[in-house]
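J.: Okay, so here is protein-v9.cif, and as you'll see once you scroll down, it has mmCIF, C-alpha atoms and all ligand atoms.
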```cif
data_data
#
loop_
_atom_site.label_atom_id
_atom_site.label_comp_id
_atom_site.auth_asym_id
_atom_site.auth_seq_id
_atom_site.Cartn_x
_atom_site.Cartn_y
_atom_site.Cartn_z
CA MET A 1 0.00 0.00 0.00
CA ASP A 2 1.54 3.33 -1.02
CA ARG A 3 1.46 6.44 1.17
CA ARG A 4 -1.34 8.12 -0.75
CA GLU A 5 -3.51 5.04 -0.55
CA ALA A 6 -2.84 4.87 3.18
CA MET A 7 -3.96 8.49 3.54
CA LEU A 8 -7.09 7.86 1.52
CA ARG A 9 -7.90 4.82 3.62
CA GLU A 10 -7.59 6.99 6.72
CA LEU A 11 -10.08 9.36 5.14
CA ASN A 12 -12.42 6.45 4.45
CA LEU A 13 -12.02 7.36 0.80
CA TYR A 14 -10.50 4.27 -0.70
CA PRO A 15 -11.06 3.04 -3.39
CA LEU A 16 -10.72 6.41 -5.07
CA TRP A 17 -13.68 8.53 -5.89
CA LYS A 18 -13.88 9.85 -9.41
CA ARG A 19 -12.86 13.42 -9.83
CA ARG A 20 -15.37 16.08 -10.67
CA GLY A 21 -15.64 17.57 -14.13
CA GLN A 22 -15.03 21.19 -15.01
CA PRO A 23 -14.91 23.65 -12.13
CA ALA A 24 -18.02 25.70 -11.72
CA PRO A 25 -17.84 29.36 -12.74
CA ILE A 26 -16.63 31.80 -10.15
CA GLU A 27 -19.52 33.15 -8.19
CA ALA A 28 -19.58 36.90 -7.97
CA VAL A 29 -19.72 38.02 -4.37
CA VAL A 30 -18.80 41.14 -2.49
CA PRO A 31 -16.41 39.97 0.20
CA ASN A 32 -16.53 41.45 3.64
CA ALA A 33 -19.54 43.60 3.10
CA THR A 34 -22.10 43.66 5.88
CA SER A 35 -22.36 40.01 6.58
CA ARG A 36 -24.47 37.49 8.32
CA LEU A 37 -22.15 35.12 10.08
CA GLY A 38 -23.30 31.73 11.12
CA GLY A 39 -22.07 29.43 13.87
CA GLY A 40 -21.93 25.67 13.85
CA GLU A 41 -20.99 23.33 11.05
CA ALA A 42 -23.89 21.18 9.97
CA ASP A 43 -26.37 22.66 7.57
CA THR A 44 -29.15 21.95 10.00
CA GLN A 45 -27.63 24.07 12.72
CA GLN A 46 -28.97 27.54 13.14
CA SER A 47 -26.83 30.64 13.06
CA ALA A 48 -25.51 31.38 16.52
CA MET A 49 -23.89 34.72 15.86
CA GLY A 50 -26.44 36.77 13.99
CA ILE A 51 -25.65 39.69 11.75
CA ALA A 52 -22.20 41.21 11.91
CA THR A 53 -20.83 44.30 10.30
CA LEU A 54 -17.14 43.90 9.59
CA ASN A 55 -15.99 47.25 10.85
CA PRO A 56 -13.18 48.87 8.90
CA SER A 57 -12.17 50.72 12.06
CA TYR A 58 -9.61 47.98 12.59
CA LEU A 59 -7.24 50.05 10.52
CA SER A 60 -6.58 52.10 13.60
CA SER A 61 -7.36 49.49 16.21
CA PRO A 62 -5.77 49.79 19.64
CA SER A 63 -4.02 46.51 19.04
CA ASP A 64 -1.61 47.93 16.51
CA GLY A 65 -0.90 51.24 18.15
CA GLY A 66 -2.67 53.16 15.44
CA GLN A 67 -0.54 51.70 12.66
CA GLU A 68 -2.58 50.51 9.76
CA ILE A 69 -2.69 46.73 9.63
CA ALA A 70 -2.97 46.92 5.88
CA ASN A 71 0.55 48.39 5.68
CA LEU A 72 2.32 45.93 7.97
CA ASP A 73 5.02 43.60 6.68
CA TRP A 74 5.41 40.04 8.00
CA PRO A 75 7.57 40.82 11.04
CA GLN A 76 5.39 43.77 12.00
CA LEU A 77 2.20 41.78 11.56
CA LYS A 78 3.51 38.90 13.65
CA GLU A 79 4.52 41.27 16.40
CA VAL A 80 1.16 43.06 16.40
CA VAL A 81 -0.75 39.78 16.53
CA ARG A 82 1.50 38.41 19.27
CA ASP A 83 0.76 41.43 21.44
CA CYS A 84 -2.89 41.86 20.47
CA THR A 85 -5.47 42.23 23.21
CA ALA A 86 -8.10 43.83 21.01
CA CYS A 87 -10.91 41.44 21.86
CA LYS A 88 -11.98 39.41 24.86
CA LEU A 89 -10.62 36.13 23.49
CA ARG A 90 -7.08 37.09 24.46
CA ALA A 91 -7.93 37.01 28.17
CA GLY A 92 -8.82 33.33 28.02
CA CYS A 93 -6.05 31.91 25.85
CA THR A 94 -2.42 31.01 26.36
CA GLN A 95 -1.07 32.74 23.29
CA THR A 96 -2.10 34.00 19.90
CA VAL A 97 -1.81 31.51 17.05
CA PHE A 98 -0.62 33.42 14.02
CA GLY A 99 -0.52 30.87 11.22
CA VAL A 100 2.06 28.55 9.76
CA GLY A 101 3.57 27.60 6.46
CA ASP A 102 5.06 28.89 3.26
CA GLU A 103 4.60 32.65 3.21
CA LYS A 104 4.50 32.57 -0.60
CA ALA A 105 2.23 29.54 -0.84
CA ASP A 106 -0.15 28.92 -3.72
CA TRP A 107 -2.51 27.15 -1.32
CA LEU A 108 -4.11 28.80 1.70
CA PHE A 109 -6.27 26.76 4.08
CA VAL A 110 -8.32 28.76 6.58
CA GLY A 111 -10.00 27.29 9.63
CA GLU A 112 -12.05 28.80 12.43
CA GLY A 113 -9.83 29.28 15.46
CA PRO A 114 -7.31 27.56 17.72
CA GLY A 115 -8.35 24.66 19.92
CA ALA A 116 -6.66 23.42 23.06
CA ASP A 117 -3.68 21.83 21.32
CA GLU A 118 -3.18 24.82 19.07
CA ASP A 119 -3.41 27.17 22.03
CA ALA A 120 -0.75 25.17 23.85
CA GLN A 121 1.63 24.84 20.90
CA GLY A 122 1.01 28.14 19.13
CA GLU A 123 0.40 26.50 15.76
CA PRO A 124 -2.86 25.95 13.86
CA PHE A 125 -4.24 22.46 13.33
CA VAL A 126 -1.92 20.38 15.51
CA GLY A 127 -4.49 18.22 17.34
CA GLN A 128 -6.62 15.40 15.95
CA ALA A 129 -8.23 17.77 13.47
CA GLY A 130 -4.76 18.83 12.40
CA LYS A 131 -3.76 15.23 11.86
CA LEU A 132 -6.77 14.77 9.63
CA LEU A 133 -5.97 18.00 7.76
CA ASP A 134 -2.44 16.70 7.16
CA SER A 135 -3.96 13.50 5.78
CA MET A 136 -6.26 15.51 3.55
CA LEU A 137 -3.27 17.51 2.28
CA ALA A 138 -1.30 14.33 1.66
CA ALA A 139 -4.22 12.86 -0.27
CA ILE A 140 -3.84 15.66 -2.81
CA LYS A 141 -0.04 15.51 -2.64
CA LEU A 142 0.40 18.57 -0.49
CA LYS A 143 2.36 18.96 2.71
CA ARG A 144 2.09 21.43 5.53
CA GLY A 145 4.70 24.13 5.04
CA THR A 146 5.47 23.33 1.41
CA ASN A 147 3.52 25.65 -0.88
CA VAL A 148 0.80 25.56 1.79
CA TYR A 149 -0.11 28.12 4.43
CA ILE A 150 -2.57 27.39 7.23
CA ALA A 151 -4.35 30.04 9.28
CA ASN A 152 -7.54 30.67 11.20
CA ILE A 153 -10.21 33.34 11.22
CA VAL A 154 -9.43 34.24 14.85
CA LYS A 155 -5.96 33.99 16.40
CA CYS A 156 -7.00 33.28 19.98
CA ARG A 157 -8.76 30.20 21.32
CA PRO A 158 -12.43 30.79 22.13
CA PRO A 159 -13.43 29.43 25.56
CA ASP A 160 -14.53 25.79 25.44
CA ASN A 161 -13.89 25.82 21.70
CA ARG A 162 -17.09 27.74 21.08
CA THR A 163 -17.66 29.40 17.74
CA PRO A 164 -16.09 32.87 17.69
CA ALA A 165 -18.60 35.66 18.10
CA ALA A 166 -19.25 38.13 15.32
CA ASP A 167 -17.48 40.98 17.10
CA GLU A 168 -14.44 38.79 17.73
CA ILE A 169 -14.30 37.80 14.08
CA ALA A 170 -14.71 41.39 12.96
CA GLN A 171 -11.86 42.45 15.24
CA CYS A 172 -9.48 39.70 14.19
CA LEU A 173 -10.25 39.27 10.49
CA PRO A 174 -8.05 42.17 9.34
CA TYR A 175 -4.99 40.21 10.45
CA LEU A 176 -5.94 37.34 8.16
CA GLU A 177 -6.80 39.77 5.39
CA ARG A 178 -3.29 41.19 5.65
CA GLN A 179 -1.79 37.69 5.69
CA ILE A 180 -3.67 36.94 2.47
CA GLU A 181 -2.41 40.14 0.89
CA LEU A 182 1.16 39.20 1.80
CA ILE A 183 0.89 35.55 0.75
CA GLN A 184 -1.05 36.20 -2.47
CA PRO A 185 -2.23 32.59 -2.71
CA LYS A 186 -3.62 31.26 -5.96
CA LEU A 187 -6.42 29.43 -4.18
CA ILE A 188 -8.09 29.62 -0.77
CA VAL A 189 -9.81 26.63 0.83
CA ALA A 190 -12.19 27.68 3.57
CA LEU A 191 -12.53 24.93 6.17
CA GLY A 192 -15.98 25.11 7.67
CA LYS A 193 -18.83 27.53 7.82
CA THR A 194 -17.19 30.13 10.04
CA ALA A 195 -14.23 30.52 7.69
CA ALA A 196 -16.43 30.52 4.61
CA THR A 197 -18.94 33.05 5.85
CA ALA A 198 -16.30 35.36 7.29
CA LEU A 199 -14.25 35.40 4.08
CA LEU A 200 -17.19 35.61 1.72
CA GLY A 201 -19.15 38.09 3.80
CA LYS A 202 -22.41 36.25 3.57
CA ASP A 203 -24.27 33.66 5.54
CA ALA A 204 -25.05 30.40 3.84
CA THR A 205 -24.99 26.72 4.57
CA ILE A 206 -21.93 24.64 3.81
CA GLY A 207 -24.09 22.57 1.50
CA SER A 208 -24.97 25.60 -0.60
CA LEU A 209 -21.39 26.89 -0.67
CA ARG A 210 -19.67 23.63 -1.60
CA GLY A 211 -19.01 22.84 -5.23
CA THR A 212 -18.93 26.46 -6.34
CA LEU A 213 -15.88 28.52 -7.14
CA HIS A 214 -16.25 31.66 -5.04
CA ASP A 215 -14.22 34.82 -5.17
CA TYR A 216 -12.25 36.50 -2.41
CA HIS A 217 -10.88 39.78 -3.76
CA GLY A 218 -10.01 38.12 -7.05
CA ILE A 219 -8.67 34.91 -5.47
CA PRO A 220 -10.68 31.74 -6.15
CA LEU A 221 -12.11 30.27 -2.95
CA ILE A 222 -13.48 26.79 -2.38
CA VAL A 223 -15.48 25.71 0.66
CA THR A 224 -15.30 22.38 2.40
CA TYR A 225 -15.91 20.94 5.83
CA HIS A 226 -13.73 21.67 8.84
CA PRO A 227 -11.64 18.63 9.81
CA ALA A 228 -13.04 18.78 13.35
CA TYR A 229 -16.52 18.36 11.90
CA LEU A 230 -15.30 15.46 9.75
CA LEU A 231 -14.01 13.76 12.89
CA ARG A 232 -17.51 14.00 14.35
CA SER A 233 -19.22 13.10 11.09
CA PRO A 234 -16.92 10.71 9.23
CA THR A 235 -19.56 9.91 6.63
CA GLU A 236 -19.04 13.41 5.27
CA LYS A 237 -15.40 12.67 4.43
CA ALA A 238 -16.40 11.56 0.96
CA LYS A 239 -17.83 15.02 0.30
CA ALA A 240 -14.62 16.58 1.56
CA TRP A 241 -12.70 14.42 -0.89
CA GLN A 242 -14.91 15.71 -3.68
CA ASP A 243 -14.11 19.25 -2.58
CA LEU A 244 -10.38 18.52 -2.51
CA CYS A 245 -10.54 17.08 -6.02
CA PHE A 246 -12.44 20.18 -7.10
CA ALA A 247 -9.68 22.28 -5.54
CA THR A 248 -6.86 20.40 -7.28
CA ASP A 249 -8.68 20.54 -10.61
CA THR A 250 -9.15 24.26 -10.13
CA MET A 251 -5.52 24.82 -9.16
CA GLN A 252 -4.34 23.00 -12.27
CA LYS A 253 -6.27 25.47 -14.39
CA LEU A 254 -4.94 28.59 -12.65
FE1 LIG B 301 -6.50 40.08 18.94
FE2 LIG B 301 -7.58 38.31 17.27
FE3 LIG B 301 -6.71 37.51 19.67
FE4 LIG B 301 -8.92 39.01 19.48
S1 LIG B 301 -8.67 36.93 18.65
S2 LIG B 301 -7.21 39.30 20.93
S3 LIG B 301 -8.40 40.37 17.75
S4 LIG B 301 -5.45 38.33 17.99
#
```
So that I can check it, write out the structure of this file as structure tokens.

T.:
Amino acid sequence: MDRREAMLRELNLYPLWKRRGQPAPIEAVVPNATSRLGGGEADTQQSAMGIATLNPSYLSSPSDGGQEIANLDWPQLKEVVRDCTACKLRAGCTQTVFGVGDEKADWLFVGEGPGADEDAQGEPFVGQAGKLLDSMLAAIKLKRGTNVYIANIVKCRPPDNRTPAADEIAQCLPYLERQIELIQPKLIVALGKTAATALLGKDATIGSLRGTLHDYHGIPLIVTYHPAYLLRSPTEKAKAWQDLCFATDTMQKL
């Protein structure tokens, strides 16, 4: 059994699923406009966060001493995030979790927020969900840190791993936006509803967002399930595999 087959077996995806056909056309959206952000992962779950306005006032937020986040370089951005206390999440976490990987990656994977393991180690996706994400990456011949960058919508662990609140997302999102500007990825994969709705600026179910090529400021964006959700709902792994195949097909055409 080769390594890729082993990964696919771990994903409950062996024998291989057939790849999708042509990528769907890019859906025109207006990212980060007034948005309705939803909590929870399954389509049946109701929105827990309500309507959020992503406030552009972050550009002079107290967390960066008045310096515009949009102008920060990598070292400055890392320093500002490390010292950030701009929302209440910082009081309950061990450290901020900035992101990890190739800072010029073609692939950007975005999750929701740090969990307990990530909070302890200061790196995104290092627990069981991280192990599954690594398997998902390996299944499409990618590897953490090699042409791949991994980040979250919020940099601090929400208490009890709850979904980040709309105001917390609005406060933290500019850091990710700046990371994306610096990375300039070719493709973004949003892992879960929180990441998808925050980046796309609209509330929708995962089911309605999957299988469509969205647009984040000119960068194609694909939505799939969060690995933590896949651990709870392993029967959905086949859909995640479809999404990953869609992503690789799309990347090949970029
Ligand atoms: Fe700052 Fe983001 Fe942490 Fe809130 S979650 S304190 S905005 S780094």

J.: Figure out the distance between CA of Asn152 (chain A) and CA of Leu191 (chain A), please, to one decimal in Å.

T.: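 One can read the CA of Leu191 (chain A) to CA of Asn152 (chain A) distance as 9.1 Å.
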
J.: What do you get as a list in words if you pick all residues at most 7 Å from ligand LIG 301 (chain B), counting only C-alpha atoms and all ligand atoms?

T.: Ser63, Val81, Cys84, Thr85, Ala86, Cys87, Lys88, Leu89, Arg90, Thr96, Val154, Lys155, Cys156, Glu168, Gln171 and Cys172 of chain A

J.: Let me make sure I understand: among A:Val110, A:Ala204, A:Phe98, A:Leu132, which one has the smallest atom-to-atom distance to Pro234 (chain A) if we use only C-alpha atoms?

T.: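 Among the listed residues, A:Leu132 lies closest to Pro234 (chain A).
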
J.: Report, in Å to a single decimal, how far apart CA of Lys193 (chain A) and CA of Ala165 (chain A) are.

T.: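 CA of Ala165 (chain A) sits 13.1 Å away from CA of Lys193 (chain A).
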
J.: For each of A:Leu108, A:Leu173, A:Ala116, A:Met136, take the minimum atom-to-atom distance to Ile69 (chain A), counting all atoms listed in the file, then give the residue where this is smallest.

T.: A:Leu173

J.: For a quick check of understanding, using only C-alpha atoms, which of A:Lys104, A:Ala228, A:Val189, A:Pro158 has the smallest distance to Leu137 (chain A)?

T.: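 Nearest to Leu137 (chain A): A:Val189.
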
J.: Tell me which of A:Pro185, A:Arg162, A:Ala120, A:Glu112 sits closest to Thr197 (chain A), counting all atoms listed in the file.

T.: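 Closest to Thr197 (chain A), using all atoms listed in the file: A:Glu112.
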
J.: Name all residues at most 12 Å from region 76-78 of chain A (count all atoms listed in the file; drop same-chain ones fewer than 5 positions away) and give them as a list of chain:residue names.

T.: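 Listed by chain and then number, they are A:Ser63, A:Asp64, A:Gly65, A:Gln67, A:Glu68, A:Ile69, A:Ala70, A:Asn71, A:Asp83, A:Cys84, A:Thr96, A:Val97, A:Phe98, A:Gly99, A:Val100, A:Lys155, A:Pro174, A:Tyr175, A:Leu176, A:Glu177, A:Arg178, A:Gln179, A:Ile180, A:Glu181, A:Leu182.
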
J.: Give me the residues near Leu133 (chain A) as a PyMOL selection string, where near means some atom within 12 Å (using all atoms listed in the file) and where sequence neighbours in that chain fewer than 6 positions away do not count.

T.: chain A and resi 7-8+10-11+109-111+124-127+139-140+142-144+148+150+189+191+224-231+237+240-241+244

J.: Record the distance separating CA of His217 (chain A) and CA of Asp167 (chain A), expressed in Å with one decimal.

T.: 21.9 Å
